[in-house]
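Chemist: Dropping in input_38.cif, with mmCIF, C-alpha atoms and all ligand atoms.
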data_final
loop_
_atom_site.label_atom_id
_atom_site.label_comp_id
_atom_site.auth_asym_id
_atom_site.auth_seq_id
_atom_site.Cartn_x
_atom_site.Cartn_y
_atom_site.Cartn_z
CA MET A 1 -48.93 174.06 -6.33
CA THR A 2 -52.70 174.21 -5.88
CA GLU A 3 -53.82 177.47 -4.37
CA TYR A 4 -57.31 177.91 -2.95
CA ARG A 5 -58.89 181.35 -2.84
CA ILE A 6 -60.61 181.81 0.51
CA ALA A 7 -62.79 184.73 1.54
CA SER A 8 -62.35 185.44 5.24
CA VAL A 9 -65.19 187.28 6.96
CA PRO A 10 -64.20 187.50 10.65
CA GLY A 11 -67.33 189.54 11.47
CA ASP A 12 -68.00 190.56 15.04
CA GLY A 13 -66.87 189.95 18.61
CA ILE A 14 -64.90 186.76 19.16
CA GLY A 15 -65.43 185.88 15.50
CA VAL A 16 -62.39 188.06 14.89
CA ASP A 17 -60.26 186.49 17.66
CA VAL A 18 -60.95 182.88 16.72
CA THR A 19 -60.57 183.42 12.97
CA VAL A 20 -57.04 184.79 13.42
CA GLU A 21 -56.05 181.64 15.34
CA ALA A 22 -57.73 179.25 12.94
CA ARG A 23 -55.97 180.86 10.00
CA LYS A 24 -52.60 180.24 11.68
CA VAL A 25 -53.45 176.55 12.02
CA LEU A 26 -54.76 176.22 8.46
CA ASP A 27 -51.78 178.05 6.95
CA ARG A 28 -49.41 175.69 8.71
CA ALA A 29 -51.36 172.65 7.55
CA ALA A 30 -51.31 174.01 3.98
CA ALA A 31 -47.56 174.61 4.07
CA LEU A 32 -46.89 171.09 5.38
CA HIS A 33 -49.30 169.43 2.94
CA GLY A 34 -48.19 171.16 -0.24
CA PHE A 35 -50.99 173.57 -1.12
CA GLY A 36 -51.66 177.26 -0.63
CA LEU A 37 -54.48 179.28 0.90
CA ARG A 38 -54.84 182.75 -0.59
CA TRP A 39 -56.93 184.72 1.90
CA THR A 40 -58.92 187.83 1.05
CA GLU A 41 -60.29 189.56 4.10
CA PHE A 42 -63.65 191.36 4.20
CA ASP A 43 -64.50 193.72 7.07
CA TRP A 44 -68.25 193.07 6.82
CA SER A 45 -69.61 193.46 10.33
CA CYS A 46 -71.81 195.45 12.70
CA GLU A 47 -69.01 198.02 12.89
CA ARG A 48 -69.26 198.51 9.17
CA TYR A 49 -73.04 198.75 9.49
CA ALA A 50 -72.62 201.64 11.94
CA GLU A 51 -70.49 203.48 9.38
CA THR A 52 -72.30 202.66 6.14
CA GLY A 53 -75.77 201.42 7.07
CA LYS A 54 -75.01 198.06 5.42
CA MET A 55 -73.59 194.80 6.77
CA MET A 56 -72.02 194.11 3.38
CA PRO A 57 -71.95 196.02 0.09
CA ASP A 58 -74.79 195.50 -2.39
CA ASP A 59 -72.57 193.30 -4.54
CA GLY A 60 -71.27 191.35 -1.52
CA VAL A 61 -72.70 188.00 -2.56
CA GLU A 62 -71.39 188.47 -6.10
CA ARG A 63 -67.89 189.19 -4.76
CA LEU A 64 -67.94 186.05 -2.64
CA SER A 65 -68.94 183.92 -5.61
CA ALA A 66 -65.39 184.12 -6.98
CA PHE A 67 -63.94 182.14 -4.03
CA ASP A 68 -63.33 178.43 -3.47
CA GLY A 69 -64.51 178.73 0.13
CA ILE A 70 -65.79 181.23 2.67
CA PHE A 71 -64.46 181.26 6.22
CA LEU A 72 -66.80 183.10 8.53
CA GLY A 73 -66.25 184.14 12.16
CA ALA A 74 -69.52 185.31 13.70
CA VAL A 75 -72.07 187.96 12.93
CA GLY A 76 -74.03 190.08 15.39
CA PHE A 77 -73.24 192.53 18.13
CA PRO A 78 -75.18 194.68 20.61
CA GLY A 79 -76.04 197.97 18.96
CA VAL A 80 -77.41 196.44 15.78
CA PRO A 81 -80.62 194.40 16.12
CA ASP A 82 -79.88 190.73 15.44
CA HIS A 83 -82.49 190.39 12.70
CA VAL A 84 -80.83 193.29 10.88
CA SER A 85 -77.25 192.01 11.16
CA LEU A 86 -77.98 188.35 10.45
CA TRP A 87 -80.45 188.96 7.62
CA GLY A 88 -77.93 191.47 6.24
CA LEU A 89 -75.01 189.03 5.98
CA LEU A 90 -75.10 185.42 7.20
CA ILE A 91 -78.55 184.35 6.08
CA PRO A 92 -78.42 185.94 2.59
CA VAL A 93 -75.07 184.22 1.90
CA ARG A 94 -76.44 180.83 2.97
CA ARG A 95 -79.41 181.30 0.66
CA ALA A 96 -77.75 182.91 -2.36
CA PHE A 97 -75.26 180.04 -2.52
CA ALA A 98 -77.88 177.32 -1.93
CA GLN A 99 -75.94 176.10 1.11
CA TYR A 100 -78.92 173.99 1.98
CA VAL A 101 -77.03 171.64 4.25
CA ASN A 102 -75.79 172.88 7.60
CA LEU A 103 -73.52 170.09 8.76
CA ARG A 104 -72.66 170.11 12.45
CA PRO A 105 -70.47 167.29 13.72
CA VAL A 106 -70.58 166.68 17.46
CA ARG A 107 -67.77 164.83 19.20
CA LEU A 108 -66.55 164.47 22.71
CA LEU A 109 -62.85 164.94 22.11
CA PRO A 110 -60.22 163.17 24.21
CA GLY A 111 -59.22 165.36 27.14
CA THR A 112 -62.48 167.28 27.31
CA THR A 113 -65.10 166.64 29.92
CA SER A 114 -68.71 166.14 28.98
CA ALA A 115 -71.34 168.01 30.95
CA LEU A 116 -72.50 164.44 31.54
CA ALA A 117 -69.82 162.95 33.73
CA GLY A 118 -68.54 159.52 32.85
CA ARG A 119 -68.93 159.74 29.07
CA SER A 120 -65.90 159.09 26.95
CA ALA A 121 -65.05 159.76 23.34
CA GLU A 122 -66.62 156.48 22.12
CA ASP A 123 -69.99 157.33 23.70
CA LEU A 124 -70.55 160.55 21.90
CA GLU A 125 -70.11 161.08 18.23
CA MET A 126 -72.99 162.33 16.14
CA VAL A 127 -73.67 164.81 13.38
CA ILE A 128 -76.55 167.17 12.96
CA VAL A 129 -77.77 167.66 9.40
CA ARG A 130 -79.67 170.88 9.63
CA GLU A 131 -81.85 172.20 6.79
CA ASN A 132 -80.34 175.61 6.06
CA SER A 133 -82.39 177.37 3.42
CA GLU A 134 -86.10 177.35 4.32
CA GLY A 135 -88.40 176.03 7.04
CA GLU A 136 -89.08 178.25 10.00
CA TYR A 137 -86.55 180.86 8.80
CA SER A 138 -88.72 182.73 6.37
CA ALA A 139 -89.27 186.36 5.53
CA ILE A 140 -92.94 185.71 4.79
CA GLY A 141 -95.32 187.31 7.22
CA GLY A 142 -96.01 190.75 8.49
CA ARG A 143 -96.95 193.06 11.30
CA HIS A 144 -100.50 194.29 11.41
CA ASN A 145 -102.54 196.82 13.37
CA SER A 146 -99.32 198.40 14.65
CA GLY A 147 -99.69 200.15 17.95
CA ARG A 148 -103.30 199.04 18.47
CA PRO A 149 -104.54 196.64 21.15
CA ASP A 150 -105.32 194.09 18.45
CA GLU A 151 -101.77 194.25 17.02
CA PHE A 152 -100.46 190.93 15.71
CA VAL A 153 -97.67 189.43 13.62
CA LEU A 154 -97.64 186.49 11.24
CA GLN A 155 -94.43 184.48 10.74
CA GLU A 156 -94.85 181.80 8.12
CA SER A 157 -92.80 178.63 7.66
CA VAL A 158 -91.97 177.33 4.21
CA PHE A 159 -91.34 173.62 3.63
CA THR A 160 -90.92 172.59 0.00
CA ARG A 161 -90.83 169.03 -1.31
CA VAL A 162 -87.49 169.70 -3.01
CA GLY A 163 -86.03 171.28 0.15
CA VAL A 164 -87.10 168.53 2.54
CA GLU A 165 -86.25 165.68 0.20
CA ARG A 166 -82.70 166.84 -0.53
CA ILE A 167 -81.77 167.37 3.12
CA VAL A 168 -83.23 164.00 4.15
CA ARG A 169 -81.41 162.30 1.30
CA TYR A 170 -78.15 163.97 2.34
CA ALA A 171 -78.63 162.55 5.84
CA PHE A 172 -79.19 159.01 4.53
CA GLU A 173 -76.16 159.20 2.24
CA LEU A 174 -74.07 160.41 5.18
CA ALA A 175 -75.37 157.61 7.40
CA LYS A 176 -74.15 155.05 4.84
CA THR A 177 -70.61 156.30 5.46
CA ARG A 178 -71.05 156.16 9.27
CA THR A 179 -73.03 153.82 11.51
CA GLY A 180 -76.07 153.47 9.25
CA ARG A 181 -78.53 155.20 11.58
CA VAL A 182 -80.65 158.30 10.99
CA CYS A 183 -83.02 159.99 13.40
CA SER A 184 -85.40 162.67 12.14
CA ALA A 185 -86.46 165.49 14.45
CA THR A 186 -90.18 166.06 14.10
CA LYS A 187 -92.96 167.81 15.96
CA SER A 188 -95.93 166.48 14.06
CA ASN A 189 -97.93 166.37 17.26
CA GLY A 190 -97.96 170.14 17.55
CA LEU A 191 -97.37 171.48 14.05
CA ILE A 192 -100.27 170.31 11.95
CA HIS A 193 -99.07 171.08 8.40
CA SER A 194 -95.31 171.36 8.20
CA MET A 195 -94.11 168.40 10.26
CA PRO A 196 -96.54 165.75 8.94
CA PHE A 197 -95.26 166.75 5.47
CA TRP A 198 -91.66 166.47 6.69
CA ASP A 199 -92.42 163.02 8.19
CA GLU A 200 -94.10 161.82 5.00
CA ILE A 201 -91.08 162.73 2.87
CA PHE A 202 -88.72 161.26 5.46
CA ALA A 203 -90.61 157.95 5.22
CA GLU A 204 -90.50 158.02 1.41
CA VAL A 205 -86.74 158.56 1.32
CA ALA A 206 -86.15 156.06 4.13
CA ALA A 207 -87.83 153.39 2.00
CA GLU A 208 -85.06 153.86 -0.58
CA TYR A 209 -82.41 153.04 2.05
CA PRO A 210 -83.37 149.66 3.50
CA ASP A 211 -79.87 149.22 4.95
CA VAL A 212 -80.01 152.40 6.98
CA HIS A 213 -81.88 152.28 10.29
CA SER A 214 -84.37 155.14 10.41
CA GLU A 215 -86.52 156.51 13.19
CA GLN A 216 -88.24 159.73 14.03
CA CYS A 217 -88.49 161.42 17.36
CA HIS A 218 -90.35 164.52 18.49
CA VAL A 219 -87.82 167.26 18.94
CA ASP A 220 -88.62 167.79 22.62
CA ALA A 221 -88.02 164.13 23.43
CA LEU A 222 -84.98 164.15 21.17
CA ALA A 223 -83.54 167.01 23.22
CA ALA A 224 -83.88 164.88 26.33
CA ARG A 225 -82.38 161.87 24.58
CA MET A 226 -79.40 163.89 23.44
CA VAL A 227 -78.58 164.54 27.07
CA GLN A 228 -79.53 161.18 28.57
CA GLN A 229 -78.57 158.71 25.84
CA PRO A 230 -76.34 160.47 23.31
CA ASP A 231 -74.77 157.12 22.43
CA ARG A 232 -78.05 156.09 20.76
CA LEU A 233 -77.74 158.85 18.14
CA ASP A 234 -75.62 159.16 15.03
CA VAL A 235 -77.01 161.22 12.12
CA VAL A 236 -79.76 163.60 13.24
CA VAL A 237 -81.68 165.37 10.47
CA ALA A 238 -83.69 168.41 11.43
CA SER A 239 -85.45 171.47 10.08
CA ASN A 240 -83.74 174.85 10.22
CA LEU A 241 -84.93 175.95 13.67
CA PHE A 242 -84.92 172.53 15.31
CA GLY A 243 -81.40 171.92 13.98
CA ASP A 244 -80.26 175.27 15.31
CA ILE A 245 -81.46 174.56 18.83
CA LEU A 246 -80.30 170.94 18.87
CA SER A 247 -76.81 171.94 17.74
CA ASP A 248 -76.23 174.27 20.70
CA LEU A 249 -77.57 171.55 22.98
CA ALA A 250 -75.28 168.96 21.42
CA ALA A 251 -72.33 171.34 21.77
CA ALA A 252 -73.14 171.82 25.44
CA VAL A 253 -73.18 168.06 25.97
CA THR A 254 -69.63 167.88 24.63
CA GLY A 255 -67.11 170.52 25.64
CA GLY A 256 -69.34 173.57 25.12
CA LEU A 257 -69.89 176.04 22.31
CA GLY A 258 -66.18 176.68 21.93
CA MET A 259 -65.78 173.15 20.53
CA ALA A 260 -68.50 172.89 17.85
CA PRO A 261 -67.75 173.45 14.14
CA SER A 262 -70.21 173.91 11.29
CA GLY A 263 -70.27 173.84 7.50
CA ASN A 264 -72.84 175.50 5.26
CA ILE A 265 -72.59 173.21 2.30
CA ASN A 266 -73.75 173.53 -1.28
CA PRO A 267 -73.55 169.82 -2.17
CA PRO A 268 -73.55 170.19 -5.98
CA GLY A 269 -70.55 172.54 -5.70
CA GLU A 270 -72.17 175.19 -7.91
CA TYR A 271 -71.39 177.87 -5.32
CA PRO A 272 -68.80 178.29 -2.59
CA SER A 273 -69.59 176.64 0.74
CA MET A 274 -69.08 178.53 4.00
CA PHE A 275 -67.48 177.30 7.20
CA GLU A 276 -67.97 178.78 10.65
CA ALA A 277 -68.27 177.81 14.30
CA VAL A 278 -71.71 176.99 15.73
CA HIS A 279 -71.31 179.76 18.31
CA GLY A 280 -71.86 183.47 17.84
CA SER A 281 -69.87 186.60 18.60
CA ALA A 282 -70.06 186.09 22.39
CA PRO A 283 -70.24 189.78 23.37
CA ASP A 284 -69.85 188.80 27.04
CA ILE A 285 -66.23 187.71 26.49
CA ALA A 286 -65.35 189.65 23.31
CA GLY A 287 -62.13 191.64 23.43
CA GLN A 288 -60.74 189.70 26.39
CA GLY A 289 -58.60 187.26 24.41
CA ILE A 290 -60.07 184.24 26.16
CA ALA A 291 -62.42 182.74 23.54
CA ASN A 292 -61.79 179.10 22.69
CA PRO A 293 -60.62 178.96 19.04
CA VAL A 294 -61.12 175.17 18.66
CA ALA A 295 -64.58 175.36 17.05
CA GLN A 296 -63.26 177.73 14.39
CA VAL A 297 -60.15 175.60 13.84
CA LEU A 298 -62.34 172.50 13.37
CA ALA A 299 -64.56 174.48 10.97
CA GLY A 300 -61.34 175.13 9.07
CA ALA A 301 -60.64 171.38 8.98
CA MET A 302 -64.12 170.86 7.49
CA MET A 303 -63.24 173.46 4.85
CA LEU A 304 -59.97 171.70 3.96
CA GLU A 305 -61.80 168.41 3.64
CA HIS A 306 -64.44 170.03 1.43
CA LEU A 307 -61.66 171.43 -0.79
CA GLY A 308 -60.30 167.91 -1.21
CA GLU A 309 -57.39 168.20 1.23
CA ALA A 310 -58.36 165.28 3.45
CA GLY A 311 -54.80 164.70 4.68
CA ALA A 312 -54.42 168.29 5.88
CA ALA A 313 -57.87 168.17 7.49
CA ARG A 314 -56.89 165.03 9.43
CA ALA A 315 -53.65 166.70 10.51
CA VAL A 316 -55.55 169.69 11.90
CA ARG A 317 -57.98 167.47 13.81
CA ALA A 318 -55.13 165.37 15.18
CA ALA A 319 -53.35 168.54 16.35
CA VAL A 320 -56.47 169.70 18.19
CA GLU A 321 -56.87 166.30 19.82
CA GLU A 322 -53.21 166.16 20.85
CA VAL A 323 -53.30 169.57 22.51
CA LEU A 324 -56.62 168.91 24.27
CA ALA A 325 -55.57 165.48 25.48
CA GLU A 326 -52.37 166.90 26.90
CA GLY A 327 -54.39 169.56 28.72
CA ALA A 328 -51.53 171.97 29.46
CA VAL A 329 -52.94 174.73 27.23
CA ALA A 330 -56.66 175.35 27.74
CA THR A 331 -58.91 178.42 27.64
CA PRO A 332 -61.17 179.23 30.63
CA ASP A 333 -64.24 177.46 29.15
CA LEU A 334 -62.14 174.27 29.22
CA GLY A 335 -61.10 174.89 32.80
CA GLY A 336 -57.71 176.42 32.01
CA LYS A 337 -56.13 179.84 32.09
CA SER A 338 -54.69 180.13 28.58
CA THR A 339 -55.53 182.82 26.06
CA THR A 340 -57.07 182.39 22.62
CA ALA A 341 -53.66 182.99 21.03
CA GLU A 342 -51.85 180.52 23.30
CA LEU A 343 -54.27 177.76 22.37
CA GLY A 344 -54.13 178.75 18.69
CA ASP A 345 -50.31 178.67 18.75
CA ALA A 346 -50.22 175.30 20.52
CA VAL A 347 -52.55 173.74 17.94
CA ALA A 348 -50.64 175.31 15.02
CA GLU A 349 -47.35 173.93 16.38
CA ALA A 350 -48.86 170.47 16.80
CA VAL A 351 -49.91 170.22 13.14
CA ALA A 352 -47.76 167.60 11.45
P1 LIG B 401 -72.97 182.95 21.53
O1 LIG B 401 -72.76 181.62 20.90
O2 LIG B 401 -72.23 184.08 20.95
O3 LIG B 401 -72.60 182.86 23.08
C1 LIG B 401 -73.32 182.01 24.01
C2 LIG B 401 -72.43 181.74 25.25
O4 LIG B 401 -71.37 180.85 24.88
C3 LIG B 401 -71.75 183.00 25.81
O5 LIG B 401 -71.72 182.92 27.22
C4 LIG B 401 -70.33 182.91 25.25
O6 LIG B 401 -69.35 183.53 26.03
C5 LIG B 401 -70.10 181.39 25.14
N1 LIG B 401 -69.17 181.10 24.03
C6 LIG B 401 -69.51 181.09 22.71
N2 LIG B 401 -68.43 180.80 21.98
C7 LIG B 401 -67.39 180.63 22.82
C8 LIG B 401 -66.00 180.32 22.64
N3 LIG B 401 -65.48 180.13 21.43
N4 LIG B 401 -65.22 180.22 23.74
C9 LIG B 401 -65.74 180.39 24.96
N5 LIG B 401 -67.04 180.69 25.19
C10 LIG B 401 -67.86 180.81 24.14
O7 LIG B 401 -74.56 183.22 21.50
P2 LIG B 401 -75.42 184.55 21.82
O8 LIG B 401 -74.86 185.23 23.02
O9 LIG B 401 -76.81 184.09 21.81
O10 LIG B 401 -75.23 185.47 20.55
C11 LIG B 401 -74.31 186.58 20.46
C12 LIG B 401 -74.41 187.21 19.09
O11 LIG B 401 -73.94 186.30 18.10
C13 LIG B 401 -75.83 187.57 18.66
O12 LIG B 401 -75.77 188.75 17.90
C14 LIG B 401 -76.26 186.40 17.81
O13 LIG B 401 -77.27 186.71 16.89
C15 LIG B 401 -74.95 186.11 17.09
N6 LIG B 401 -74.79 184.73 16.57
C16 LIG B 401 -74.14 184.61 15.37
C17 LIG B 401 -73.86 183.36 14.86
C18 LIG B 401 -73.14 183.24 13.55
O14 LIG B 401 -72.67 184.21 13.02
N7 LIG B 401 -73.02 182.07 13.00
C19 LIG B 401 -74.22 182.22 15.58
C20 LIG B 401 -74.89 182.38 16.81
C21 LIG B 401 -75.16 183.64 17.30
C1 LIG B 402 -76.35 179.58 13.84
C2 LIG B 402 -76.93 180.89 14.33
C3 LIG B 402 -77.80 181.54 13.26
C4 LIG B 402 -78.93 180.59 12.91
C5 LIG B 402 -78.39 182.88 13.68
C6 LIG B 402 -77.33 183.83 14.14
C7 LIG B 402 -79.26 183.48 12.61
O1 LIG B 402 -77.62 180.71 15.52
O2 LIG B 402 -75.65 179.57 12.81
O3 LIG B 402 -76.57 178.55 14.49
O4 LIG B 402 -79.88 180.42 13.69
O5 LIG B 402 -78.88 180.02 11.83
MN MN B 403 -77.38 178.72 16.37
#
What is this structure when it is put down as structure tokens?
Modeler:
Amino acid sequence: MTEYRIASVPGDGIGVDVTVEARKVLDRAAALHGFGLRWTEFDWSCERYAETGKMMPDDGVERLSAFDGIFLGAVGFPGVPDHVSLWGLLIPVRRAFAQYVNLRPVRLLPGTTSALAGRSAEDLEMVIVRENSEGEYSAIGGRHNSGRPDEFVLQESVFTRVGVERIVRYAFELAKTRTGRVCSATKSNGLIHSMPFWDEIFAEVAAEYPDVHSEQCHVDALAARMVQQPDRLDVVVASNLFGDILSDLAAAVTGGLGMAPSGNINPPGEYPSMFEAVHGSAPDIAGQGIANPVAQVLAGAMMLEHLGEAGAARAVRAAVEEVLAEGAVATPDLGGKSTTAELGDAVAEAVA
């Protein structure tokens, strides 16, 4: 029997609650589909930071490198500044393992209501291909003249030819397997260096894919389009920051943040990829047992697919759809009264 070694990093807040539920679902899918998941749990979190001064041990990345996949809950909690917690765990893992694609599928699932009334499942299915290793997320810059009236900070962006080209190419390859349409998020009207470069490389790669329809759209207008005409979008390719913002918007247009999964992918497979929900640790509802575990469960389905277990991944997605469509078990964000565990149990039982 194939056994996959998975590192589980539940992290903070509802990351812990939803990871427990997702693991139940994935374990059942594994048992029914003839493979094993050997989980190793790491307590890397803000709580650990409070005790040790570190989000993860110095050899954390090295320890993760031994796994076939990484299953992450969420990182960040009040008490530790976000730039300390996220740059101490999530962002270094994404970078060390060259997870340069952040893949964020967006679907309006049967039984869920879009914030835009009247949309149905056929009207809304897209995927955000977010650049995940450079761009606006950069440590280059500095704080100067601290404490003086002329104090200022510099925060640089880094766009490399290799980095832009590979993410754009990934989007075009993905579009070939879908509807054959790619839209690039730009902002070359306001950003004078980075986005014209991004657009230039997008046009170069697009020329290699004559069968894929390509267009570019300024990210502000694209945000509006995502709300008003989501049916006109399929694959959306975006820089790190634009992709981050668009993916919360896209989640909101479907059933909310509790529904949106995400994969940090290293396409060559040289390093483990990492799967997580789009949402964070939701301190406002943490510890109440009411977080929606669906996003984390669907992130688990992405992980199974990445491992080569397409049948099990389909079974997990079908179980989610069945439970949502039935509507009897739903967490408060979906308009119901069920707990995280009740929804997790219902999905696990529905896996066939
Ligand atoms: P958030 O995504 O945690 O929460 C935003 C809103 O969505 C909250 O009202 C929350 O209750 C709701 N929500 C999110 N997930 C939900 C779920 N599964 N079910 C029901 N409701 C849900 O964003 P935030 O409040 O901006 O960030 C909180 C912390 O999480 C911060 O420390 C932030 O840096 C961190 N964060 C981490 C990740 C990650 O680890 N991948 C992602 C985003 C934010
Ligand atoms: C996400 C998160 C992270 C990001 C934060 C927590 C650094 O918002 O995964 O979408 O912006 O990449
Ligand atoms: Mn985000």
Chemist: Report as a Markdown table: every residue of chain A with an atom at most 8 Å from ligand MN 403 (chain B), its closest pair of atoms, and their distance in Å to one decimal, counting only C-alpha atoms and all ligand atoms, with rows sorted by chain and ascending residue number.
Modeler:
| residue | atom | partner | partner_atom | distance |
| --- | --- | --- | --- | --- |
| A:Asp244 | CA | B:MN403 | MN | 4.6 |
| A:Ile245 | CA | B:MN403 | MN | 6.3 |
| A:Ser247 | CA | B:MN403 | MN | 6.9 |
| A:Asp248 | CA | B:MN403 | MN | 6.3 |
| A:Val278 | CA | B:MN403 | MN | 6.0 |
| A:His279 | CA | B:MN403 | MN | 6.5 |
| A:Gly280 | CA | B:MN403 | MN | 7.4 |
Chemist: One decimal, Å: what's the distance from CA of Leu233 in chain A over to CA of Leu109 in chain A, could you say?
Modeler: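 Interatomic distance, CA of Leu233 in chain A to CA of Leu109 in chain A: 16.6 Å.
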Chemist: Neighbours of ligand LIG 401 (chain B) at 8 Å or closer, counting all atoms listed in the file: which residues, as a ChimeraX atom specification?
Modeler: /A:11-15,18,72-78,81-83,85-86,90,256-259,276-286,290-296,331-333
Chemist: Take the selection from the previous step and output its residues with C-alpha atoms, as an mmCIF file, in the coordinates of the input.
Modeler:
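Saved the output as out33.cif:
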data_model
loop_
_atom_site.group_PDB
_atom_site.id
_atom_site.type_symbol
_atom_site.label_atom_id
_atom_site.label_comp_id
_atom_site.auth_asym_id
_atom_site.auth_seq_id
_atom_site.Cartn_x
_atom_site.Cartn_y
_atom_site.Cartn_z
ATOM 1 C CA GLY A 11 -67.330 189.540 11.470
ATOM 2 C CA ASP A 12 -68.000 190.560 15.040
ATOM 3 C CA GLY A 13 -66.870 189.950 18.610
ATOM 4 C CA ILE A 14 -64.900 186.760 19.160
ATOM 5 C CA GLY A 15 -65.430 185.880 15.500
ATOM 6 C CA VAL A 18 -60.950 182.880 16.720
ATOM 7 C CA LEU A 72 -66.800 183.100 8.530
ATOM 8 C CA GLY A 73 -66.250 184.140 12.160
ATOM 9 C CA ALA A 74 -69.520 185.310 13.700
ATOM 10 C CA VAL A 75 -72.070 187.960 12.930
ATOM 11 C CA GLY A 76 -74.030 190.080 15.390
ATOM 12 C CA PHE A 77 -73.240 192.530 18.130
ATOM 13 C CA PRO A 78 -75.180 194.680 20.610
ATOM 14 C CA PRO A 81 -80.620 194.400 16.120
ATOM 15 C CA ASP A 82 -79.880 190.730 15.440
ATOM 16 C CA HIS A 83 -82.490 190.390 12.700
ATOM 17 C CA SER A 85 -77.250 192.010 11.160
ATOM 18 C CA LEU A 86 -77.980 188.350 10.450
ATOM 19 C CA LEU A 90 -75.100 185.420 7.200
ATOM 20 C CA GLY A 256 -69.340 173.570 25.120
ATOM 21 C CA LEU A 257 -69.890 176.040 22.310
ATOM 22 C CA GLY A 258 -66.180 176.680 21.930
ATOM 23 C CA MET A 259 -65.780 173.150 20.530
ATOM 24 C CA GLU A 276 -67.970 178.780 10.650
ATOM 25 C CA ALA A 277 -68.270 177.810 14.300
ATOM 26 C CA VAL A 278 -71.710 176.990 15.730
ATOM 27 C CA HIS A 279 -71.310 179.760 18.310
ATOM 28 C CA GLY A 280 -71.860 183.470 17.840
ATOM 29 C CA SER A 281 -69.870 186.600 18.600
ATOM 30 C CA ALA A 282 -70.060 186.090 22.390
ATOM 31 C CA PRO A 283 -70.240 189.780 23.370
ATOM 32 C CA ASP A 284 -69.850 188.800 27.040
ATOM 33 C CA ILE A 285 -66.230 187.710 26.490
ATOM 34 C CA ALA A 286 -65.350 189.650 23.310
ATOM 35 C CA ILE A 290 -60.070 184.240 26.160
ATOM 36 C CA ALA A 291 -62.420 182.740 23.540
ATOM 37 C CA ASN A 292 -61.790 179.100 22.690
ATOM 38 C CA PRO A 293 -60.620 178.960 19.040
ATOM 39 C CA VAL A 294 -61.120 175.170 18.660
ATOM 40 C CA ALA A 295 -64.580 175.360 17.050
ATOM 41 C CA GLN A 296 -63.260 177.730 14.390
ATOM 42 C CA THR A 331 -58.910 178.420 27.640
ATOM 43 C CA PRO A 332 -61.170 179.230 30.630
ATOM 44 C CA ASP A 333 -64.240 177.460 29.150
#
Chemist: When distances are computed from all atoms listed in the file, which of A:Glu321, A:Gly289, A:Glu349, A:Arg143 shows the smallest separation from Asp17 in chain A?
Modeler: A:Gly289
Chemist: May I ask for the distance between CA of Ala315 in chain A and CA of Glu21 in chain A, given in Å to one decimal place?
Modeler: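 Answer for the CA of Ala315 in chain A to CA of Glu21 in chain A separation: 15.9 Å.
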Chemist: When you look at range 32-45 of chain A with a cut-off of 9 Å (counting all atoms listed in the file), what residues show up, excluding the ones that are within fewer than 6 positions of it in the same chain? I need them as an NGL selection string.
Modeler: :A and (1-12 or 26 or 54-57 or 74-77 or 85 or 89 or 309 or 311-312 or 351-352)
Chemist: In Å to one decimal, how far is CA of Ala30 in chain A from CA of Tyr170 in chain A?
Modeler: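 We find that CA of Tyr170 in chain A and CA of Ala30 in chain A lie 28.7 Å from each other.
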Chemist: What are the centre and the three edge lengths of an axis-aligned box that wraps all atoms of ligand LIG 402 (chain B) in the file, given that 4 Å is added to every side, written as lines of an AutoDock Vina configuration file and rounded to one decimal in Å?
Modeler:
center_x = -77.8
center_y = 181.2
center_z = 13.7
size_x = 12.2
size_y = 13.3
size_z = 11.7
Chemist: Quick one: of A:Gly190, A:Gly69, A:Gly141, A:Gly243, who's nearest to ligand LIG 402 (chain B), counting only C-alpha atoms and all ligand atoms?
Modeler: A:Gly243
